[in-house]
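Report on the structure given below.
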Amino acid sequence: MTKRVREIISWYESANPGVRANLARMLNHGRLAGTGRMVILPVDQGFEHGPARSFAVNPPAYNPLYHFQLAIDAGLNAYAAPLGFISAGAADFAGEIPLILKLNNHDLLAEEPDPAPAVTGSVKDALRLGCAAVGFTIYPGSLKSSLMYEQLRGIAEEAQANGLAVVVWSYPRGSGISKEGETALDIVAYAAQIAAQLGAHVIKVKLPTAHLEQGAAKKVYEELRVPLEPLAARVRHVVQSAFEGRRIVIFSGGAREDDKSLLEQVAAIHDGGGFGSIIGRNSFQRPREAAIDLLGKVIDIYAR
Amino acid sequence: MTKRVREIISWYESANPGVRANLARMLNHGRLAGTGRMVILPVDQGFEHGPARSFAVNPPAYNPLYHFQLAIDAGLNAYAAPLGFISAGAADFAGEIPLILKLNNHDLLAEEPDPAPAVTGSVKDALRLGCAAVGFTIYPGSLKSSLMYEQLRGIAEEAQANGLAVVVWSYPRGSGISKEGETALDIVAYAAQIAAQLGAHVIKVKLPTAHLEQGAAKKVYEELRVPLEPLAARVRHVVQSAFEGRRIVIFSGGAREDDKSLLEQVAAIHDGGGFGSIIGRNSFQRPREAAIDLLGKVIDIYAR
Amino acid sequence: MTKRVREIISWYESANPGVRANLARMLNHGRLAGTGRMVILPVDQGFEHGPARSFAVNPPAYNPLYHFQLAIDAGLNAYAAPLGFISAGAADFAGEIPLILKLNNHDLLAEEPDPAPAVTGSVKDALRLGCAAVGFTIYPGSLKSSLMYEQLRGIAEEAQANGLAVVVWSYPRGSGISKEGETALDIVAYAAQIAAQLGAHVIKVKLPTAHLEQGAAKKVYEELRVPLEPLAARVRHVVQSAFEGRRIVIFSGGAREDDKSLLEQVAAIHDGGGFGSIIGRNSFQRPREAAIDLLGKVIDIYAR
Amino acid sequence: MTKRVREIISWYESANPGVRANLARMLNHGRLAGTGRMVILPVDQGFEHGPARSFAVNPPAYNPLYHFQLAIDAGLNAYAAPLGFISAGAADFAGEIPLILKLNNHDLLAEEPDPAPAVTGSVKDALRLGCAAVGFTIYPGSLKSSLMYEQLRGIAEEAQANGLAVVVWSYPRGSGISKEGETALDIVAYAAQIAAQLGAHVIKVKLPTAHLEQGAAKKVYEELRVPLEPLAARVRHVVQSAFEGRRIVIFSGGAREDDKSLLEQVAAIHDGGGFGSIIGRNSFQRPREAAIDLLGKVIDIYAR
Amino acid sequence: MTKRVREIISWYESANPGVRANLARMLNHGRLAGTGRMVILPVDQGFEHGPARSFAVNPPAYNPLYHFQLAIDAGLNAYAAPLGFISAGAADFAGEIPLILKLNNHDLLAEEPDPAPAVTGSVKDALRLGCAAVGFTIYPGSLKSSLMYEQLRGIAEEAQANGLAVVVWSYPRGSGISKEGETALDIVAYAAQIAAQLGAHVIKVKLPTAHLEQGAAKKVYEELRVPLEPLAARVRHVVQSAFEGRRIVIFSGGAREDDKSLLEQVAAIHDGGGFGSIIGRNSFQRPREAAIDLLGKVIDIYAR
């Protein structure tokens, strides 16, 4: 166990040994093992966007086994997916890569202004499938946010009692927030704080823009000159907003990007003290070798 | 156990032996035993459309025992029906044909733009009645889809823990989808993916048309030239969308058709790699001998 | 045990011995014992319509003991009432007449277009009060029908597991149905089918008129010339719609009628193969001797 | 045990010995012990109307101990209050007066056309606090009445199983009823019937006026000449509507009245066969000695 | 144990020894130990207002450990915070200061006219984290107040059964109340009464203004000349409204104030018989030494 991993684990002082062991299991896996940084492969787009939009561009990705192998071969820390995808390979790949069972999911077939994902898996499923953690999405800003927070509360209590780590996707969204506001710095920082207060061990947020959404917050950012630029400074602010960096915060990029921008973003996450990346569409929506190549470059940056 | 059945069962690697045994029980029953193809008789129309619309054309079908005997005599793989119909014959026909207890049902007496069926049976009922599987309908596209997904999640967990297989009817429907969209290729493929992600062992969808419903999906289908014709290609796409064919996907036809069209559709399902058919109204809404004759022809195609 | 009762009980082949014994207990009680026909006294009008509208015309009926005695003295098969009325006499009259505890009730103080009764008793209540069965009302056609079906599902499972029979009042009602449609032949037949599919052992419906409510059904009735006249033919159709007569279906008349019409209706139920009557207001809303006289004539018809 | 108390208890023939003992405990306490009549002190106005409106006129009443002592010194049968008030004195006054824990309460800070009180205590609370009974309010006529009936059903089942009596405040209210209708004779009688059918052992209603609210009921009252005057006749009708007097029905007066009217009302309750009074604001909203004096006069009337 | 603490504990006569011990633990901790007064540090603003608005003005406060140390060093009675903040330091600071786990929280990302906080922690969490009490916020005046009262009821029952004290933040809010009304004297007194009736051991309200909100209450205050001035008189009225002072009532100030006003308010609380203060933003939104200095002055006033 490296000193850095030991330090990170020490922040979770109220968590039981099982949770700490599973956090360590993820931090100590793959090419970034021991660095305190993480790169995770998430594949819930089949549910969230539909199969053709997710996989038609790289048809081998229709096969659930493809993603296990990709995460392993790219030397990632963990693989996260919904019940069906995890069930389809958990036995074949048992012990080869830490798994995160995504416990709620949302599809695009019935849109609402204030959405909430459906709960599609359980802590018991995660345990029987040999997962290291459960994943759960909340939408702060949705009028249904209380429902999600309360579902998460119950799941986190059960997961923690069973030694599983809790990874929270905190994605602001809903009638209380503008489209631009979903990635505004104040909102992303707020979303990270909420996830941390709800007991998340690992927090996943989107990379923040320099936009400020809420009037009362904007006033504070301006008066106290909280830096909005560069991106690394925003990353630093979000990490600070999650208990002064005492919680693992990782960042996602969103839609497919050109590789140069993506790697610049990763460098900014690294420089701002972010703990890593969760990279989905930019990895499985290209040929396998190209994905492994790109993920290798991402890992190289974090390994600096 | 044939090699093909053994292969199919191997895809369900996270399922416990009880579930695998029940999947094998269905795959190894009737005239298609061992082929990896299935033809199932579903009779929930009494609940879904009313008794006269379902049975008046062939009055012996009012009797629940009729359907057990029909499924047995036609050499089908399984018989699926709601609690009342299964209860009425489960003891008489114990051990003669695998049973699927349909756990939710919907009637036509109170229509809503975003419907959800009522839960009308339980896993405990299925166990005490000696069933091999439970059946559950979801309506992706309904604003109540989360309710159905969450009901299914609980039922699937309990069924799986008790060694029962889970058959999901995934029927897109609701205010988010046009009437034509309910059978659109992108939507049917999405519905198959959702059912697979929710943990279904067997997925039942409607035969897709060449229509594409959602703009963002249409763009992908067109750019990547996903083939829309012939029907066999669409079947193949839907099967691919259910974990690259690693889940059993079967197809229904819908309203009564002329036999020629029906058999052409079955041939397309066969050619596209579909795993079989679920044939209700085209079987019990005609005289018994005619039904057995038609089902025989269907089986012949799958047995090719 | 007569051959006829033995035959009826045989239809409930999936029910456990306790349920069969309680069905037999009702079929073998009173003057119609052993005939396979039933006349039941239901007294929930105090709750459903208010006490004065129910009992002021015959004040001894305010007393809950009155109804037990009436049902016993008239030689009926069973007495059905809500928790309060049953509790008030269950010990005094223990063992003298089979009791049906009505588990949900509706009042007229807060009207809604899509009503659902409140659950006002439990299976545990029925057990501790020595009942033979529980009663439950569903309103197919109400937008809240799923709620009622699901409540019934849970109650039926618990009742069945404890050896109690389940009597379902299936009364179409709600925004999906016209007033005239509530007793339309297609709707009453559909309501009987739904109750049977939900696992009812005894089904109570209203006598159907020759009206047809739903367009798609009407087409079938007309094309296939399902007879709408006379009343006995309609009774026969409803009984057929409940699993070809393999479920006990009994009929209610509704508001107070002149005796001649009532007895003609009973004769039609008898001739159409109906299993009996449930007679409330026509029995307790007249002097005791007159009620016993009328009920005697009803029983005479069924005993033919 | 007097013959009258023994008679009253005999009506609760399905209740277990614990419930009967607690009913007897209330009937045999205070100056009216053994008469079959009851006077109860209820103090939930702090919650229902706010503290200043309840207690400022007689400041010692802010203290929860005050009310225990008042009920004891006035020789009442029981004291009823919410969790906080009962908790504040239950140990000090253990065994000195039967307690009724009011399990739901409503405040005036958020008004709705169809209100429902919040559940604010539990049967377990009542047991640990040594209470003889639980109290529960229903609002027949509210669109939320089913919620209240179902909450009461669960509470009554648990209370009864634990030997506690159930006292129901049946207060018609909500969008289905006019303000005047809340105390209309037909409505109050209906409310008493509903409470009795729901299993209440003791029923509390408001004194009815001669108004008739519902058209269908009015027709019956007029045709059958149910007497509307004097007040004693109306009391008699309400008592009759609660199972021909086989349930304990007590009456409340409402707002503060001049003593003469109050005592005339008590005399009418007495003469009409009512079982007693529940007197809140007319007792604690005056100086202690004056309250004891007035309650003494009330008791004298009931003791005639 | 001082006589005063013993007296206060004696008011909680129905609470079990565990609850009394935890109340004593808070009353006997810090510089005010034994005086019967309390000063508590609450830090839920990160969740309630967002991290930057809460902590950017004093960046060390982003760190959850900062607040534990601040509360200890300032000699406070207890520290209250949500699950995340308490979890982050509960092991490090075990036994150094009584902890109150705030079990529900509300964010500003999705505003509603009738809000309700989300339940974000459990009694089990409080027990495993070694807390002395749980905290819960209710919004009397919100149309969702029943939901919160019922959540509190369940939590208080479980907390009490496990020996934890219950601290209730009673903050009137919602469509039934004007903005000015949220701190009106009648409303704050009503809110204190409701919390006490719901079983709160410690009640936290806002300092009341001399405004009167509700017409019916205003009439009483004016007729009976309940004093509205000075602030100490209003404090006295609120304390009286919580069971004549037999429940611990503490006051919060709200937004950051100049120190002079704050200390004057504290003096008024002291003089009016209030039990103490809960001081959040005025403590952690300034440099640590300045905060300790101000809190020292507050404590000095209470220690007079």
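Chains: A, B, ... in order of the structure tokens. Residues: from 1 per chain. Ligands: from 1, in order shown.
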Next item on the list: Would you list the contacts of D:Phe243 as a PyMOL selection string, taking every protein, DNA or RNA residue within 12 Å and counting only C-alpha atoms, but skipping same-chain residues closer than 3 positions in sequence?
Entry: (chain C and resi 46-47+51-52+55+59-67+84-89) or (chain D and resi 11-12+189-190+192-197+199-201+203+236-240+246-249)
Pull N, CA and C atoms from the residues just selected and write them as a short mmCIF file (atom, residue, chain, number, x, y, z; two decimals), in the first residue's frame.
data_model
loop_
_atom_site.label_atom_id
_atom_site.label_comp_id
_atom_site.auth_asym_id
_atom_site.auth_seq_id
_atom_site.Cartn_x
_atom_site.Cartn_y
_atom_site.Cartn_z
N GLY C 46 -74.83 0.57 5.37
CA GLY C 46 -74.62 1.59 6.40
C GLY C 46 -73.40 2.41 6.10
N PHE C 47 -72.33 1.75 5.64
CA PHE C 47 -71.11 2.45 5.26
C PHE C 47 -71.26 3.10 3.89
N PRO C 51 -76.46 5.45 7.45
CA PRO C 51 -77.35 4.62 8.27
C PRO C 51 -78.84 4.88 8.03
N ALA C 52 -79.24 6.14 7.93
CA ALA C 52 -80.68 6.40 7.79
C ALA C 52 -81.20 5.87 6.46
N PHE C 55 -81.32 1.97 7.04
CA PHE C 55 -82.05 1.26 8.09
C PHE C 55 -83.30 1.96 8.61
N PRO C 59 -86.30 -0.01 11.31
CA PRO C 59 -85.35 0.36 12.38
C PRO C 59 -84.67 -0.79 13.11
N PRO C 60 -85.25 -1.97 13.26
CA PRO C 60 -84.48 -3.02 13.93
C PRO C 60 -83.16 -3.32 13.23
N ALA C 61 -83.08 -2.95 11.95
CA ALA C 61 -81.88 -3.23 11.18
C ALA C 61 -80.70 -2.35 11.58
N TYR C 62 -80.94 -1.30 12.39
CA TYR C 62 -79.79 -0.54 12.92
C TYR C 62 -78.90 -1.45 13.78
N ASN C 63 -79.52 -2.49 14.33
CA ASN C 63 -78.81 -3.37 15.25
C ASN C 63 -78.03 -4.44 14.48
N PRO C 64 -76.73 -4.52 14.69
CA PRO C 64 -75.95 -5.50 13.91
C PRO C 64 -76.37 -6.95 14.14
N LEU C 65 -76.93 -7.25 15.32
CA LEU C 65 -77.33 -8.63 15.59
C LEU C 65 -78.51 -9.06 14.70
N TYR C 66 -79.29 -8.08 14.31
CA TYR C 66 -80.47 -8.35 13.48
C TYR C 66 -80.11 -9.12 12.22
N HIS C 67 -79.02 -8.72 11.59
CA HIS C 67 -78.68 -9.29 10.29
C HIS C 67 -78.16 -10.72 10.39
N GLY C 84 -66.97 -3.55 11.52
CA GLY C 84 -67.76 -3.20 12.69
C GLY C 84 -68.96 -4.11 12.87
N PHE C 85 -69.71 -4.32 11.81
CA PHE C 85 -70.90 -5.16 11.89
C PHE C 85 -70.54 -6.61 12.22
N ILE C 86 -69.51 -7.13 11.59
CA ILE C 86 -69.12 -8.53 11.88
C ILE C 86 -68.64 -8.64 13.33
N SER C 87 -67.80 -7.68 13.75
CA SER C 87 -67.27 -7.73 15.12
C SER C 87 -68.39 -7.73 16.15
N ALA C 88 -69.48 -7.04 15.84
CA ALA C 88 -70.54 -6.86 16.82
C ALA C 88 -71.33 -8.13 17.10
N GLY C 89 -71.16 -9.18 16.25
CA GLY C 89 -71.96 -10.38 16.49
C GLY C 89 -71.21 -11.68 16.30
N TRP D 11 -71.14 -5.62 24.77
CA TRP D 11 -71.34 -5.31 23.35
C TRP D 11 -70.06 -5.50 22.53
N TYR D 12 -68.92 -5.42 23.20
CA TYR D 12 -67.64 -5.53 22.50
C TYR D 12 -67.19 -6.98 22.52
N ALA D 189 -74.72 11.49 11.85
CA ALA D 189 -75.13 10.09 12.01
C ALA D 189 -74.29 9.18 11.11
N TYR D 190 -74.05 9.66 9.89
CA TYR D 190 -73.23 8.89 8.93
C TYR D 190 -71.81 8.75 9.49
N ALA D 192 -70.88 8.75 12.59
CA ALA D 192 -70.87 7.81 13.71
C ALA D 192 -70.89 6.37 13.19
N GLN D 193 -71.71 6.13 12.15
CA GLN D 193 -71.77 4.79 11.55
C GLN D 193 -70.41 4.37 10.98
N ILE D 194 -69.75 5.28 10.27
CA ILE D 194 -68.45 4.95 9.66
C ILE D 194 -67.44 4.59 10.75
N ALA D 195 -67.39 5.39 11.80
CA ALA D 195 -66.45 5.10 12.88
C ALA D 195 -66.72 3.73 13.49
N ALA D 196 -68.00 3.43 13.68
CA ALA D 196 -68.37 2.13 14.25
C ALA D 196 -67.97 0.98 13.32
N GLN D 197 -68.21 1.16 12.02
CA GLN D 197 -67.85 0.12 11.06
C GLN D 197 -66.34 -0.06 10.99
N GLY D 199 -64.43 -0.04 13.41
CA GLY D 199 -63.95 -0.75 14.59
C GLY D 199 -63.71 0.10 15.82
N ALA D 200 -64.18 1.35 15.81
CA ALA D 200 -64.02 2.20 16.99
C ALA D 200 -64.76 1.59 18.19
N HIS D 201 -64.11 1.69 19.36
CA HIS D 201 -64.80 1.28 20.58
C HIS D 201 -65.57 2.45 21.19
N ILE D 203 -66.78 6.47 20.21
CA ILE D 203 -66.93 7.38 19.07
C ILE D 203 -67.26 8.76 19.58
N ARG D 236 -80.42 10.89 20.09
CA ARG D 236 -80.90 9.52 20.04
C ARG D 236 -80.67 8.90 18.65
N HIS D 237 -80.91 9.70 17.61
CA HIS D 237 -80.72 9.19 16.25
C HIS D 237 -79.25 8.87 15.97
N VAL D 238 -78.37 9.71 16.48
CA VAL D 238 -76.94 9.46 16.26
C VAL D 238 -76.50 8.20 17.00
N VAL D 239 -76.98 8.06 18.23
CA VAL D 239 -76.63 6.88 19.02
C VAL D 239 -77.18 5.61 18.33
N GLN D 240 -78.39 5.72 17.82
CA GLN D 240 -78.98 4.60 17.08
C GLN D 240 -78.14 4.27 15.84
N ARG D 246 -75.11 0.26 20.58
CA ARG D 246 -74.17 -0.75 21.07
C ARG D 246 -72.71 -0.33 20.93
N ARG D 247 -72.47 0.92 20.74
CA ARG D 247 -71.14 1.48 20.79
C ARG D 247 -71.22 2.75 21.64
N ILE D 248 -70.18 3.05 22.42
CA ILE D 248 -70.16 4.26 23.25
C ILE D 248 -69.99 5.47 22.36
N VAL D 249 -70.98 6.37 22.37
CA VAL D 249 -70.90 7.60 21.58
C VAL D 249 -70.91 8.78 22.53
#
Next item on the list: Compute the set of chain C residues within 9 Å of chain B, using only C-alpha atoms, and express it as a ChimeraX atom specification.
Entry: /C:11-15,140-150,152-154,157,172,174-177,186-187,189-191,193-200,214,216-221,224,226,237,240-246
Next item on the list: Determine which residues of stretch 57-193 of chain A receive a DSSP assignment of strand (DSSP E or B), computed from the backbone, and state them as number ranges by chain.
Entry: A: 78-81, 99-102, 104-105, 118-119, 133-138, 165-170
Got a sec: who's within 6 Å of stretch 279-295 of chain A, counting only C-alpha atoms, leaving out chain neighbours fewer than 6 positions off, as a tab-separated table (two decimals) with N, CA and C atoms, in the first residue's frame?
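Once everything was written out, this is out.tsv:
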chain	number	residue	atom	x	y	z
A	41	LEU	N	-13.98	3.03	-16.55
A	41	LEU	CA	-14.79	2.88	-17.76
A	41	LEU	C	-16.26	2.70	-17.36
A	42	PRO	N	-17.13	3.63	-17.75
A	42	PRO	CA	-18.57	3.47	-17.48
A	42	PRO	C	-19.28	3.11	-18.78
A	58	ASN	N	-19.21	1.21	-33.34
A	58	ASN	CA	-18.14	0.24	-33.05
A	58	ASN	C	-18.81	-1.06	-32.62
A	74	ALA	N	-6.83	-1.94	-21.00
A	74	ALA	CA	-6.36	-0.57	-20.93
A	74	ALA	C	-5.76	-0.25	-19.57
A	256	ARG	N	-18.44	12.78	-27.31
A	256	ARG	CA	-17.14	12.49	-27.92
A	256	ARG	C	-16.41	13.78	-28.29
Notebook entry, point to check: as a PyMOL selection string, which residues of stretch 57-254 of chain B does DSSP assign to helix (DSSP H, G or I)?
Noted result: chain B and resi 59-62+64-73+83-87+123-128+145-161+180-183+185-197+215-223+231-241
